[in-house]
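Asker: My structure is in entry22.cif, and what it holds is mmCIF, C-alpha atoms:
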data_entry
loop_
_atom_site.group_PDB
_atom_site.id
_atom_site.type_symbol
_atom_site.label_atom_id
_atom_site.label_comp_id
_atom_site.auth_asym_id
_atom_site.auth_seq_id
_atom_site.Cartn_x
_atom_site.Cartn_y
_atom_site.Cartn_z
ATOM 1 C CA MET G 1 -14.986 27.878 0.502
ATOM 2 C CA THR G 2 -13.007 29.635 -2.238
ATOM 3 C CA ALA G 3 -13.854 28.609 -5.790
ATOM 4 C CA LEU G 4 -11.125 27.386 -8.108
ATOM 5 C CA PRO G 5 -9.436 30.132 -10.116
ATOM 6 C CA GLU G 6 -9.158 29.977 -13.894
ATOM 7 C CA ILE G 7 -6.483 27.348 -14.523
ATOM 8 C CA ASN G 8 -3.376 28.370 -16.477
ATOM 9 C CA TRP G 9 -3.240 25.425 -18.863
ATOM 10 C CA ASP G 10 0.087 24.793 -20.612
ATOM 11 C CA ALA G 11 0.665 24.990 -24.369
ATOM 12 C CA ASN G 12 -0.972 21.567 -24.763
ATOM 13 C CA GLY G 13 -3.993 22.559 -22.699
ATOM 14 C CA LEU G 14 -2.885 20.448 -19.724
ATOM 15 C CA ALA G 15 -2.036 20.896 -16.057
ATOM 16 C CA PRO G 16 -0.283 18.405 -13.753
ATOM 17 C CA VAL G 17 -2.491 16.749 -11.155
ATOM 18 C CA VAL G 18 -1.206 15.420 -7.849
ATOM 19 C CA ILE G 19 -3.593 12.757 -6.519
ATOM 20 C CA ALA G 20 -3.424 12.200 -2.762
ATOM 21 C CA ASP G 21 -5.236 9.942 -0.316
ATOM 22 C CA ALA G 22 -7.679 12.179 1.556
ATOM 23 C CA THR G 23 -7.377 10.043 4.693
ATOM 24 C CA THR G 24 -3.632 9.441 4.990
ATOM 25 C CA GLY G 25 -2.254 12.288 2.891
ATOM 26 C CA ALA G 26 -0.119 9.823 0.913
ATOM 27 C CA VAL G 27 0.651 10.858 -2.649
ATOM 28 C CA LEU G 28 -0.803 8.239 -4.977
ATOM 29 C CA THR G 29 -0.195 9.435 -8.523
ATOM 30 C CA LEU G 30 1.063 12.314 -10.647
ATOM 31 C CA ALA G 31 -1.040 12.685 -13.788
ATOM 32 C CA TYR G 32 -2.449 15.354 -16.114
ATOM 33 C CA ALA G 33 -5.848 16.873 -16.765
ATOM 34 C CA ASN G 34 -7.284 19.206 -19.371
ATOM 35 C CA ARG G 35 -10.291 21.458 -18.971
ATOM 36 C CA GLU G 36 -12.808 18.726 -19.836
ATOM 37 C CA ALA G 37 -11.212 16.238 -17.424
ATOM 38 C CA LEU G 38 -11.383 18.812 -14.624
ATOM 39 C CA GLU G 39 -14.992 19.652 -15.423
ATOM 40 C CA ARG G 40 -15.961 15.968 -15.400
ATOM 41 C CA THR G 41 -14.128 15.438 -12.119
ATOM 42 C CA LEU G 42 -16.002 18.312 -10.496
ATOM 43 C CA ALA G 43 -19.338 17.151 -11.928
ATOM 44 C CA THR G 44 -19.027 13.452 -11.063
ATOM 45 C CA ARG G 45 -16.701 13.513 -8.026
ATOM 46 C CA SER G 46 -14.747 10.780 -9.757
ATOM 47 C CA THR G 47 -11.160 11.087 -11.000
ATOM 48 C CA TRP G 48 -10.985 12.093 -14.658
ATOM 49 C CA LEU G 49 -7.624 12.679 -16.343
ATOM 50 C CA TRP G 50 -5.994 13.102 -19.735
ATOM 51 C CA SER G 51 -3.759 10.318 -21.009
ATOM 52 C CA ARG G 52 -0.827 11.813 -22.893
ATOM 53 C CA SER G 53 0.212 8.397 -24.247
ATOM 54 C CA ARG G 54 -3.274 7.499 -25.568
ATOM 55 C CA ASN G 55 -4.263 11.096 -26.267
ATOM 56 C CA GLU G 56 -7.690 10.657 -24.689
ATOM 57 C CA LEU G 57 -9.748 11.276 -21.581
ATOM 58 C CA TRP G 58 -9.892 8.475 -19.031
ATOM 59 C CA ASN G 59 -11.843 7.792 -15.877
ATOM 60 C CA LYS G 60 -9.742 6.168 -13.156
ATOM 61 C CA GLY G 61 -11.067 2.685 -12.381
ATOM 62 C CA ALA G 62 -13.499 2.494 -15.295
ATOM 63 C CA THR G 63 -11.973 -0.816 -16.404
ATOM 64 C CA SER G 64 -10.004 -1.970 -13.337
ATOM 65 C CA GLY G 65 -12.649 -1.201 -10.730
ATOM 66 C CA ASN G 66 -10.044 0.747 -8.721
ATOM 67 C CA THR G 67 -12.101 3.917 -8.674
ATOM 68 C CA GLN G 68 -11.422 7.080 -6.688
ATOM 69 C CA ARG G 69 -14.034 9.264 -4.993
ATOM 70 C CA VAL G 70 -12.840 12.859 -5.165
ATOM 71 C CA VAL G 71 -13.530 14.819 -1.989
ATOM 72 C CA SER G 72 -11.774 18.058 -2.939
ATOM 73 C CA VAL G 73 -9.946 19.750 -5.805
ATOM 74 C CA SER G 74 -7.389 22.490 -5.184
ATOM 75 C CA ALA G 75 -5.230 24.668 -7.413
ATOM 76 C CA ASP G 76 -1.766 25.852 -6.447
ATOM 77 C CA CYS G 77 -0.830 29.505 -5.940
ATOM 78 C CA ASP G 78 0.000 29.990 -9.630
ATOM 79 C CA ALA G 79 -3.143 28.160 -10.777
ATOM 80 C CA ASP G 80 -1.085 25.902 -13.036
ATOM 81 C CA ALA G 81 -1.234 22.662 -11.042
ATOM 82 C CA LEU G 82 -4.057 20.746 -9.371
ATOM 83 C CA LEU G 83 -4.458 18.572 -6.302
ATOM 84 C CA TYR G 84 -7.175 15.917 -6.121
ATOM 85 C CA ARG G 85 -7.813 14.554 -2.640
ATOM 86 C CA VAL G 86 -9.493 11.186 -3.064
ATOM 87 C CA VAL G 87 -10.832 8.164 -1.240
ATOM 88 C CA PRO G 88 -9.382 5.274 -3.274
ATOM 89 C CA ASN G 89 -11.266 2.059 -3.873
ATOM 90 C CA GLY G 90 -8.279 -0.188 -4.491
ATOM 91 C CA PRO G 91 -4.697 0.456 -5.601
ATOM 92 C CA ALA G 92 -3.859 3.638 -7.479
ATOM 93 C CA CYS G 93 -0.992 2.212 -9.532
ATOM 94 C CA HIS G 94 -1.414 -0.038 -12.574
ATOM 95 C CA THR G 95 1.176 -2.360 -10.980
ATOM 96 C CA GLY G 96 -1.237 -3.133 -8.150
ATOM 97 C CA ALA G 97 0.628 -0.983 -5.614
ATOM 98 C CA ALA G 98 -1.333 1.402 -3.405
ATOM 99 C CA SER G 99 0.773 4.295 -4.730
ATOM 100 C CA CYS G 100 2.845 4.869 -7.862
ATOM 101 C CA PHE G 101 5.625 6.170 -5.593
ATOM 102 C CA THR G 102 7.093 2.963 -4.188
ATOM 103 C CA LYS G 103 10.785 3.303 -5.069
ATOM 104 C CA THR G 104 12.674 5.421 -2.533
ATOM 105 C CA GLN G 105 16.263 6.598 -2.478
ATOM 106 C CA PRO G 106 17.371 7.176 1.135
ATOM 107 C CA LEU G 107 19.470 10.317 1.606
ATOM 108 C CA ASP G 108 22.422 10.552 3.958
ATOM 109 C CA GLY G 109 21.309 12.056 7.240
ATOM 110 C CA ALA G 110 17.669 12.058 6.222
ATOM 111 C CA GLU G 111 15.092 10.651 8.563
ATOM 112 C CA GLU G 112 13.690 7.300 7.407
ATOM 113 C CA PRO G 113 9.916 6.903 7.008
ATOM 114 C CA PRO G 114 8.385 5.534 10.213
ATOM 115 C CA GLU G 115 8.327 1.760 10.560
ATOM 116 C CA GLY G 116 5.045 0.384 9.285
ATOM 117 C CA ALA G 117 4.105 3.396 7.125
ATOM 118 C CA GLU G 118 3.773 1.265 3.982
ATOM 119 C CA PHE G 119 1.831 -1.391 5.904
ATOM 120 C CA ALA G 120 -0.621 1.199 7.257
ATOM 121 C CA SER G 121 -1.252 2.594 3.781
ATOM 122 C CA ALA G 122 -1.677 -0.850 2.216
ATOM 123 C CA ILE G 123 -3.947 -2.214 4.946
ATOM 124 C CA SER G 124 -6.196 0.868 4.785
ATOM 125 C CA ALA G 125 -6.482 0.565 1.006
ATOM 126 C CA LEU G 126 -7.271 -3.147 1.272
ATOM 127 C CA ALA G 127 -9.927 -2.552 3.924
ATOM 128 C CA ARG G 128 -11.625 0.031 1.679
ATOM 129 C CA THR G 129 -11.590 -2.366 -1.257
ATOM 130 C CA ILE G 130 -13.138 -5.119 0.870
ATOM 131 C CA GLN G 131 -15.859 -2.750 2.083
ATOM 132 C CA SER G 132 -16.573 -1.795 -1.517
ATOM 133 C CA ARG G 133 -16.844 -5.451 -2.572
ATOM 134 C CA LYS G 134 -19.301 -6.015 0.272
ATOM 135 C CA ALA G 135 -21.458 -3.051 -0.745
ATOM 136 C CA HIS G 136 -21.147 -3.697 -4.481
ATOM 137 C CA PRO G 137 -20.463 -7.400 -5.121
ATOM 138 C CA ILE G 138 -18.705 -8.218 -8.390
ATOM 139 C CA GLU G 139 -19.645 -11.479 -10.073
ATOM 140 C CA GLY G 140 -16.814 -13.991 -9.770
ATOM 141 C CA SER G 141 -15.054 -12.001 -7.040
ATOM 142 C CA TYR G 142 -13.430 -14.204 -4.389
ATOM 143 C CA THR G 143 -14.217 -11.584 -1.743
ATOM 144 C CA ALA G 144 -17.888 -11.591 -2.749
ATOM 145 C CA LYS G 145 -17.940 -15.392 -2.445
ATOM 146 C CA LEU G 146 -16.533 -15.152 1.074
ATOM 147 C CA PHE G 147 -19.227 -12.675 2.093
ATOM 148 C CA ALA G 148 -21.882 -14.941 0.555
ATOM 149 C CA GLY G 149 -20.617 -17.788 2.737
ATOM 150 C CA GLY G 150 -20.855 -15.702 5.894
ATOM 151 C CA VAL G 151 -18.899 -16.100 9.109
ATOM 152 C CA ASP G 152 -18.648 -19.894 8.785
ATOM 153 C CA ARG G 153 -16.848 -19.801 5.434
ATOM 154 C CA ILE G 154 -14.655 -16.825 6.358
ATOM 155 C CA GLY G 155 -13.814 -18.333 9.743
ATOM 156 C CA LYS G 156 -12.803 -21.632 8.164
ATOM 157 C CA LYS G 157 -10.391 -19.819 5.845
ATOM 158 C CA ILE G 158 -8.902 -17.882 8.760
ATOM 159 C CA GLY G 159 -8.228 -21.162 10.555
ATOM 160 C CA GLU G 160 -6.525 -22.577 7.459
ATOM 161 C CA GLU G 161 -4.449 -19.451 6.881
ATOM 162 C CA ALA G 162 -3.368 -19.249 10.541
ATOM 163 C CA THR G 163 -2.076 -22.819 10.329
ATOM 164 C CA GLU G 164 -0.173 -22.001 7.147
ATOM 165 C CA VAL G 165 1.439 -18.995 8.858
ATOM 166 C CA VAL G 166 2.732 -21.229 11.633
ATOM 167 C CA ILE G 167 4.026 -23.809 9.130
ATOM 168 C CA ALA G 168 5.829 -21.074 7.183
ATOM 169 C CA ALA G 169 7.456 -19.823 10.385
ATOM 170 C CA LYS G 170 8.594 -23.333 11.339
ATOM 171 C CA ASN G 171 10.014 -23.775 7.835
ATOM 172 C CA ALA G 172 12.047 -20.599 8.384
ATOM 173 C CA ASP G 173 10.958 -19.426 4.926
ATOM 174 C CA ARG G 174 10.762 -15.629 5.089
ATOM 175 C CA GLY G 175 9.021 -15.191 1.737
ATOM 176 C CA GLU G 176 6.452 -17.853 2.548
ATOM 177 C CA LEU G 177 5.827 -16.290 5.959
ATOM 178 C CA VAL G 178 5.210 -12.865 4.405
ATOM 179 C CA TRP G 179 2.864 -14.393 1.803
ATOM 180 C CA GLU G 180 0.856 -16.443 4.297
ATOM 181 C CA THR G 181 0.612 -13.559 6.776
ATOM 182 C CA ALA G 182 -0.790 -11.343 4.019
ATOM 183 C CA ASP G 183 -3.408 -14.035 3.301
ATOM 184 C CA LEU G 184 -4.299 -14.261 6.987
ATOM 185 C CA LEU G 185 -4.664 -10.485 7.331
ATOM 186 C CA TYR G 186 -6.818 -10.293 4.216
ATOM 187 C CA HIS G 187 -9.251 -12.909 5.531
ATOM 188 C CA ALA G 188 -9.296 -11.248 8.963
ATOM 189 C CA LEU G 189 -10.271 -7.953 7.303
ATOM 190 C CA VAL G 190 -13.086 -9.701 5.457
ATOM 191 C CA LEU G 191 -14.364 -11.091 8.754
ATOM 192 C CA LEU G 192 -14.228 -7.643 10.388
ATOM 193 C CA ALA G 193 -16.166 -6.163 7.470
ATOM 194 C CA GLU G 194 -18.725 -8.969 7.677
ATOM 195 C CA ARG G 195 -19.353 -8.105 11.320
ATOM 196 C CA GLY G 196 -19.196 -4.331 10.858
ATOM 197 C CA VAL G 197 -15.966 -3.828 12.805
ATOM 198 C CA SER G 198 -13.645 -1.110 11.465
ATOM 199 C CA LEU G 199 -9.869 -0.804 11.597
ATOM 200 C CA ASP G 200 -10.359 2.186 13.889
ATOM 201 C CA ASP G 201 -12.269 -0.049 16.324
ATOM 202 C CA VAL G 202 -9.318 -2.431 16.449
ATOM 203 C CA GLY G 203 -6.843 0.451 16.598
ATOM 204 C CA ALA G 204 -8.646 1.982 19.562
ATOM 205 C CA GLU G 205 -8.403 -1.318 21.427
ATOM 206 C CA LEU G 206 -4.692 -1.614 20.632
ATOM 207 C CA SER G 207 -4.134 1.955 21.841
ATOM 208 C CA ARG G 208 -6.023 1.188 25.036
ATOM 209 C CA ARG G 209 -3.807 -1.810 25.684
ATOM 210 C CA ALA G 210 -0.679 0.192 24.984
ATOM 211 C CA LYS G 211 -1.449 2.786 27.654
ATOM 212 C CA PRO G 212 0.610 2.355 30.825
ATOM 213 C CA THR G 213 -1.371 1.171 33.812
ATOM 214 C CA ASP G 214 -1.044 2.462 37.339
#
Can you dump the structure from the file as structure tokens?

Answerer:
Amino acid sequence: MTALPEINWDANGLAPVVIADATTGAVLTLAYANREALERTLATRSTWLWSRSRNELWNKGATSGNTQRVVSVSADCDADALLYRVVPNGPACHTGAASCFTKTQPLDGAEEPPEGAEFASAISALARTIQSRKAHPIEGSYTAKLFAGGVDRIGKKIGEEATEVVIAAKNADRGELVWETADLLYHALVLLAERGVSLDDVGAELSRRAKPTD
């Protein structure tokens, strides 16, 4: 493995940092770091940055709980920009979105992102957050309360949410259907985590079913 070169910090002692999901490759945030932020990131394997608006160091997730585990740090060919590849524990954006890059301008003739790309990113981020809440319960957390209640409590909520999905569909209310489906999926993910079943386990089964049979 090649060590990082000496970074060419700008006149303010900063370098731009692209933060990307190490699993999906999705770009999560564009931020800035100074030498101390980079050193802390390398030492702690947690995302440290420099806030230009507050003029101070900050550790991603220190107050929100949406931490990031840094798995690699790279410099570009000119050594004046950095790339953090991270495993996010919750949304990267302060708005609650998985990524800060949610507004897209389609270009004429350009290929559209594949159907379901945003769903895949969001569901993966949610599953990681749920796993984190299971491993490190937070007092007052609804997810932690579900895990404390076990399969019986989680299963009861899934039954309630499934009924609400059907009611929303019969009401022909698109917004309500989206909302209730999100609730149902969330509770299903909690149940999978409770029983130690991963998204990849479910994905493998779906792939098996999708294969043509003789």

Asker: Which of these, G:His94, G:Lys156, G:Lys134, G:Arg174, has the shortest distance to G:Gly61 once you count all atoms listed in the file?

Answerer: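 Looking at the shortest contact to G:Gly61, the residue is G:His94.
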
Asker: Determine the residue membership of the PyMOL selection byres ((chain G and resi 43-59) around 7) for the file above and supply it as a PyMOL selection string.

Answerer: chain G and resi 32-34+37-42+60-62+68-71

Asker: At a cut-off of 6 Å, using all atoms listed in the file, what residues contact stretch 180-185 of chain G? Leave out same-chain residues fewer than 3 positions from it and give the result as a list in words.

Answerer: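 In the requested form, the answer reads Glu161, Val165, Leu177 and Ala188 of chain G.
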
Asker: Between G:Asp108, G:Glu194, G:Glu118, G:Asp173, which is the closest to G:Ala148 once you count all atoms listed in the file?

Answerer: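 Once distances to G:Ala148 are computed over all atoms listed in the file, the minimum belongs to G:Glu194.
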
Asker: Could you check the closest approach to G:Leu28 for each of G:Ser64, G:Ser121, G:Gln131, G:Ser72 and tell me which residue wins, using only C-alpha atoms?

Answerer: G:Ser121

Asker: Show which residues sit within 8 Å of G:Thr29, as an MDAnalysis selection string. Count only C-alpha atoms, and ignore same-chain residues fewer than 3 positions away.

Answerer: chainID G and resid 18:20 92:93 99:101

Asker: Could you check which of G:Leu189, G:Trp179, G:Ala172, G:Asp200 is closest to G:Ile130, using only C-alpha atoms?

Answerer: G:Leu189

Asker: From the options G:Thr95, G:Ser141, G:Thr102, G:Asn66, which residue's atoms come nearest to G:Thr129, counting all atoms listed in the file?

Answerer: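 Comparing G:Thr95, G:Ser141, G:Thr102, G:Asn66 against G:Thr129, the winner is G:Asn66.
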
Asker: To test your reading of the syntax: which residues would the PyMOL selection byres ((chain G and resi 21) around 9) return for the file shown? Reply as a ChimeraX atom specification.

Answerer: /G:19-20,22-28,84-88

Asker: If I take atom CA of G:Glu160 and atom CA of G:Leu191, how far is one from the other in Å, to one decimal?

Answerer: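 According to the coordinates, atom CA of G:Glu160 and atom CA of G:Leu191 are separated by 14.0 Å.
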